[in-house]
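Colleague: There's a structure below that I have some questions on.
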Amino acid sequence: MQTQKLVLTCPVCASKDVYYTCTPDCCFNHVCGECRTTFEPVTAATGAKVSGVVPPDPLPVAGDPTVACAKCYGIAVYRAGDETLVCAGCGAVLVLELTEVAPG
Ligand SMILES: [Zn+2]
Ligand SMILES: [Zn+2]
């Protein structure tokens, strides 16, 4: 399954100009480049699994949106469809949720 880089949409202004500002060791705080809203994405497992997840090419770089897998806590989580994420580490099919929304 070919995947694409994660894209996060600001929950306040719907901009996709969103940056990851921290490190996975710390937290998943992201900031919107338009309105400075901050939020943390989390994933929830759907219970489904896939195999043969192909990471996007090129791979995400530091500062690109990043989220942890709800199952294995890895960060090799990519977009498989508009609403669907998959973990390349364990194959879990995930859905995205945004928490800790703090309007800028
Ligand atoms: Zn925004
Ligand atoms: Zn996983």
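We label chains A, B, ... in the order they appear in the structure tokens, count residues from 1 in each chain, and number ligands from 1 in the order shown.
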Could you build a table of the residues in chain A lying no more than 9 Å from ligand 2, giving for each the nearest pair of atoms and their separation in Å rounded to one decimal place, using only C-alpha atoms and all ligand atoms, ordered by chain and ascending residue number, as JSON lines?

Modeller:
{"residue": "A:Ala68", "atom": "CA", "partner": "ligand 2", "partner_atom_place_in_ligand_line": "1 (Zn)", "distance": 7.8}
{"residue": "A:Cys69", "atom": "CA", "partner": "ligand 2", "partner_atom_place_in_ligand_line": "1 (Zn)", "distance": 4.6}
{"residue": "A:Ala70", "atom": "CA", "partner": "ligand 2", "partner_atom_place_in_ligand_line": "1 (Zn)", "distance": 6.6}
{"residue": "A:Lys71", "atom": "CA", "partner": "ligand 2", "partner_atom_place_in_ligand_line": "1 (Zn)", "distance": 4.9}
{"residue": "A:Cys72", "atom": "CA", "partner": "ligand 2", "partner_atom_place_in_ligand_line": "1 (Zn)", "distance": 4.1}
{"residue": "A:Tyr73", "atom": "CA", "partner": "ligand 2", "partner_atom_place_in_ligand_line": "1 (Zn)", "distance": 6.0}
{"residue": "A:Gly74", "atom": "CA", "partner": "ligand 2", "partner_atom_place_in_ligand_line": "1 (Zn)", "distance": 5.5}
{"residue": "A:Ile75", "atom": "CA", "partner": "ligand 2", "partner_atom_place_in_ligand_line": "1 (Zn)", "distance": 7.6}
{"residue": "A:Ala76", "atom": "CA", "partner": "ligand 2", "partner_atom_place_in_ligand_line": "1 (Zn)", "distance": 7.4}
{"residue": "A:Val77", "atom": "CA", "partner": "ligand 2", "partner_atom_place_in_ligand_line": "1 (Zn)", "distance": 7.3}
{"residue": "A:Val86", "atom": "CA", "partner": "ligand 2", "partner_atom_place_in_ligand_line": "1 (Zn)", "distance": 7.8}
{"residue": "A:Cys87", "atom": "CA", "partner": "ligand 2", "partner_atom_place_in_ligand_line": "1 (Zn)", "distance": 4.6}
{"residue": "A:Ala88", "atom": "CA", "partner": "ligand 2", "partner_atom_place_in_ligand_line": "1 (Zn)", "distance": 6.6}
{"residue": "A:Gly89", "atom": "CA", "partner": "ligand 2", "partner_atom_place_in_ligand_line": "1 (Zn)", "distance": 4.8}
{"residue": "A:Cys90", "atom": "CA", "partner": "ligand 2", "partner_atom_place_in_ligand_line": "1 (Zn)", "distance": 4.1}
{"residue": "A:Gly91", "atom": "CA", "partner": "ligand 2", "partner_atom_place_in_ligand_line": "1 (Zn)", "distance": 6.0}
{"residue": "A:Ala92", "atom": "CA", "partner": "ligand 2", "partner_atom_place_in_ligand_line": "1 (Zn)", "distance": 5.5}
{"residue": "A:Val93", "atom": "CA", "partner": "ligand 2", "partner_atom_place_in_ligand_line": "1 (Zn)", "distance": 8.5}
{"residue": "A:Leu94", "atom": "CA", "partner": "ligand 2", "partner_atom_place_in_ligand_line": "1 (Zn)", "distance": 8.9}

Colleague: Stretch 54-65 of chain A: which residues within 12 Å, counting only C-alpha atoms, same-chain residues fewer than 5 positions away excluded, as JSON, numbers by chain?

Modeller: {"A": [1, 2, 3, 4, 5, 6, 7, 8, 9, 10, 16, 17, 18, 19, 20, 21, 22, 23, 24, 28, 29, 30, 31, 32, 33, 39, 40, 41, 42, 75, 76, 77, 78, 79, 80, 85, 86, 87, 88, 89, 91, 96]}

Colleague: Store the residues picked out above in a file with N, CA and C atoms, as a compact mmCIF listing (two decimals), in the first residue's frame.

Modeller:
# COMPACT_ATOMS: atom_id res chain seq x y z
N MET A 1 0.85 -1.20 0.00
CA MET A 1 0.00 0.00 0.00
C MET A 1 0.88 1.25 0.00
N GLN A 2 0.77 2.04 -1.03
CA GLN A 2 1.52 3.30 -1.08
C GLN A 2 0.84 4.32 -0.17
N THR A 3 1.65 5.07 0.55
CA THR A 3 1.10 6.07 1.47
C THR A 3 1.67 7.44 1.14
N GLN A 4 1.08 8.45 1.78
CA GLN A 4 1.55 9.82 1.60
C GLN A 4 1.89 10.42 2.96
N LYS A 5 2.64 11.51 2.89
CA LYS A 5 2.99 12.19 4.13
C LYS A 5 1.72 12.66 4.84
N LEU A 6 1.85 12.68 6.15
CA LEU A 6 0.77 13.17 6.98
C LEU A 6 0.49 14.65 6.67
N VAL A 7 -0.77 14.99 6.59
CA VAL A 7 -1.18 16.39 6.45
C VAL A 7 -2.13 16.70 7.59
N LEU A 8 -1.83 17.74 8.34
CA LEU A 8 -2.72 18.15 9.41
C LEU A 8 -3.39 19.45 9.03
N THR A 9 -4.64 19.57 9.39
CA THR A 9 -5.42 20.77 9.11
C THR A 9 -5.70 21.48 10.42
N CYS A 10 -5.39 22.77 10.46
CA CYS A 10 -5.64 23.55 11.66
C CYS A 10 -7.13 23.48 12.04
N LYS A 16 -3.53 24.31 6.12
CA LYS A 16 -2.68 23.13 6.16
C LYS A 16 -1.22 23.51 6.38
N ASP A 17 -1.00 24.77 6.73
CA ASP A 17 0.32 25.30 7.00
C ASP A 17 0.65 25.03 8.47
N VAL A 18 0.87 23.75 8.78
CA VAL A 18 1.01 23.31 10.16
C VAL A 18 2.39 22.69 10.36
N TYR A 19 3.05 23.08 11.45
CA TYR A 19 4.40 22.61 11.71
C TYR A 19 4.48 21.87 13.04
N TYR A 20 5.34 20.88 13.06
CA TYR A 20 5.62 20.15 14.29
C TYR A 20 6.78 20.84 14.99
N THR A 21 6.57 21.23 16.23
CA THR A 21 7.53 22.11 16.89
C THR A 21 8.33 21.42 17.98
N CYS A 22 8.08 20.16 18.23
CA CYS A 22 8.76 19.52 19.35
C CYS A 22 9.38 18.22 18.87
N THR A 23 9.72 17.32 19.79
CA THR A 23 10.27 16.03 19.41
C THR A 23 9.40 14.94 20.03
N PRO A 24 9.38 13.77 19.37
CA PRO A 24 8.52 12.69 19.89
C PRO A 24 8.86 12.27 21.32
N PHE A 28 3.73 16.11 21.13
CA PHE A 28 3.38 16.22 19.71
C PHE A 28 2.72 17.57 19.42
N ASN A 29 3.24 18.59 20.09
CA ASN A 29 2.68 19.92 19.90
C ASN A 29 2.96 20.43 18.48
N HIS A 30 1.91 20.85 17.80
CA HIS A 30 2.02 21.43 16.46
C HIS A 30 1.52 22.87 16.51
N VAL A 31 2.00 23.68 15.59
CA VAL A 31 1.53 25.07 15.52
C VAL A 31 1.10 25.40 14.10
N CYS A 32 0.01 26.15 14.01
CA CYS A 32 -0.50 26.61 12.72
C CYS A 32 0.25 27.85 12.29
N GLY A 33 0.79 27.84 11.06
CA GLY A 33 1.54 28.98 10.56
C GLY A 33 0.68 30.17 10.22
N PHE A 39 -1.91 22.62 18.80
CA PHE A 39 -2.71 21.43 19.09
C PHE A 39 -1.83 20.20 19.02
N GLU A 40 -2.34 19.12 19.59
CA GLU A 40 -1.62 17.85 19.56
C GLU A 40 -2.47 16.79 18.88
N PRO A 41 -1.95 16.21 17.80
CA PRO A 41 -2.68 15.12 17.17
C PRO A 41 -2.44 13.81 17.91
N VAL A 42 -3.46 13.01 17.99
CA VAL A 42 -3.33 11.65 18.52
C VAL A 42 -4.04 10.71 17.54
N ILE A 75 6.39 6.36 15.21
CA ILE A 75 5.95 7.58 14.52
C ILE A 75 5.99 7.42 13.00
N ALA A 76 6.08 6.18 12.53
CA ALA A 76 6.02 5.92 11.09
C ALA A 76 4.55 5.82 10.67
N VAL A 77 3.82 6.90 10.91
CA VAL A 77 2.39 6.94 10.64
C VAL A 77 2.16 7.82 9.41
N TYR A 78 1.52 7.25 8.41
CA TYR A 78 1.35 7.94 7.14
C TYR A 78 -0.10 7.93 6.72
N ARG A 79 -0.39 8.68 5.67
CA ARG A 79 -1.75 8.85 5.19
C ARG A 79 -2.05 7.84 4.09
N ALA A 80 -3.11 7.09 4.30
CA ALA A 80 -3.52 6.11 3.30
C ALA A 80 -4.75 6.58 2.54
N LEU A 85 -5.25 6.78 8.35
CA LEU A 85 -3.81 6.72 8.52
C LEU A 85 -3.43 5.26 8.74
N VAL A 86 -2.20 4.93 8.35
CA VAL A 86 -1.69 3.59 8.65
C VAL A 86 -0.31 3.73 9.27
N CYS A 87 0.02 2.78 10.14
CA CYS A 87 1.34 2.73 10.76
C CYS A 87 2.20 1.77 9.96
N ALA A 88 3.35 2.27 9.49
CA ALA A 88 4.25 1.41 8.73
C ALA A 88 4.98 0.44 9.65
N GLY A 89 4.98 0.73 10.95
CA GLY A 89 5.66 -0.15 11.89
C GLY A 89 4.87 -1.42 12.16
N GLY A 91 1.36 -1.83 11.04
CA GLY A 91 0.26 -2.08 10.10
C GLY A 91 -1.12 -1.66 10.60
N LEU A 96 -7.33 9.89 12.98
CA LEU A 96 -6.68 11.03 13.61
C LEU A 96 -7.66 11.80 14.48

Colleague: Find the residues near ligand 1. Use a cut-off of 6 Å, count only C-alpha atoms and all ligand atoms, and write them as a PDB file with N, CA and C atoms, in the first residue's frame.

Modeller:
ATOM      1  N   CYS A  10      -5.394  22.772  10.458  1.00  0.00           N
ATOM      2  CA  CYS A  10      -5.645  23.555  11.665  1.00  0.00           C
ATOM      3  C   CYS A  10      -7.129  23.480  12.035  1.00  0.00           C
ATOM      4  N   VAL A  12      -8.811  25.440  13.773  1.00  0.00           N
ATOM      5  CA  VAL A  12      -9.424  26.767  13.912  1.00  0.00           C
ATOM      6  C   VAL A  12      -9.625  27.437  12.552  1.00  0.00           C
ATOM      7  N   CYS A  13      -8.561  27.490  11.731  1.00  0.00           N
ATOM      8  CA  CYS A  13      -8.666  28.252  10.482  1.00  0.00           C
ATOM      9  C   CYS A  13      -8.603  27.354   9.244  1.00  0.00           C
ATOM     10  N   ALA A  14      -8.444  26.045   9.444  1.00  0.00           N
ATOM     11  CA  ALA A  14      -8.438  25.071   8.351  1.00  0.00           C
ATOM     12  C   ALA A  14      -7.223  25.194   7.441  1.00  0.00           C
ATOM     13  N   SER A  15      -6.212  25.938   7.858  1.00  0.00           N
ATOM     14  CA  SER A  15      -4.973  25.995   7.093  1.00  0.00           C
ATOM     15  C   SER A  15      -4.245  24.657   7.181  1.00  0.00           C
ATOM     16  N   CYS A  32       0.009  26.155  14.015  1.00  0.00           N
ATOM     17  CA  CYS A  32      -0.502  26.608  12.720  1.00  0.00           C
ATOM     18  C   CYS A  32       0.251  27.854  12.288  1.00  0.00           C
ATOM     19  N   GLU A  34      -0.628  29.976  10.147  1.00  0.00           N
ATOM     20  CA  GLU A  34      -1.537  31.072   9.814  1.00  0.00           C
ATOM     21  C   GLU A  34      -2.027  31.803  11.060  1.00  0.00           C
ATOM     22  N   CYS A  35      -2.580  31.058  12.007  1.00  0.00           N
ATOM     23  CA  CYS A  35      -3.249  31.715  13.149  1.00  0.00           C
ATOM     24  C   CYS A  35      -2.578  31.406  14.484  1.00  0.00           C
ATOM     25  N   ARG A  36      -1.478  30.644  14.453  1.00  0.00           N
ATOM     26  CA  ARG A  36      -0.673  30.323  15.636  1.00  0.00           C
ATOM     27  C   ARG A  36      -1.409  29.443  16.647  1.00  0.00           C
ATOM     28  N   THR A  37      -2.508  28.855  16.254  1.00  0.00           N
ATOM     29  CA  THR A  37      -3.153  27.875  17.121  1.00  0.00           C
ATOM     30  C   THR A  37      -2.209  26.692  17.339  1.00  0.00           C
TER      31      THR A  37
END

Colleague: Compare A:Leu98, A:Ser51, A:Asp82, A:Gly104 by their minimum atom-to-atom distance to A:Pro11, counting only C-alpha atoms, and give me the closest one.

Modeller: A:Leu98

Colleague: Write out as a ChimeraX atom specification all residues of chain A that DSSP puts in strand (DSSP E) for this structure's backbone.

Modeller: /A:18-20,30-32,38-49,77-79,85-87,92-102
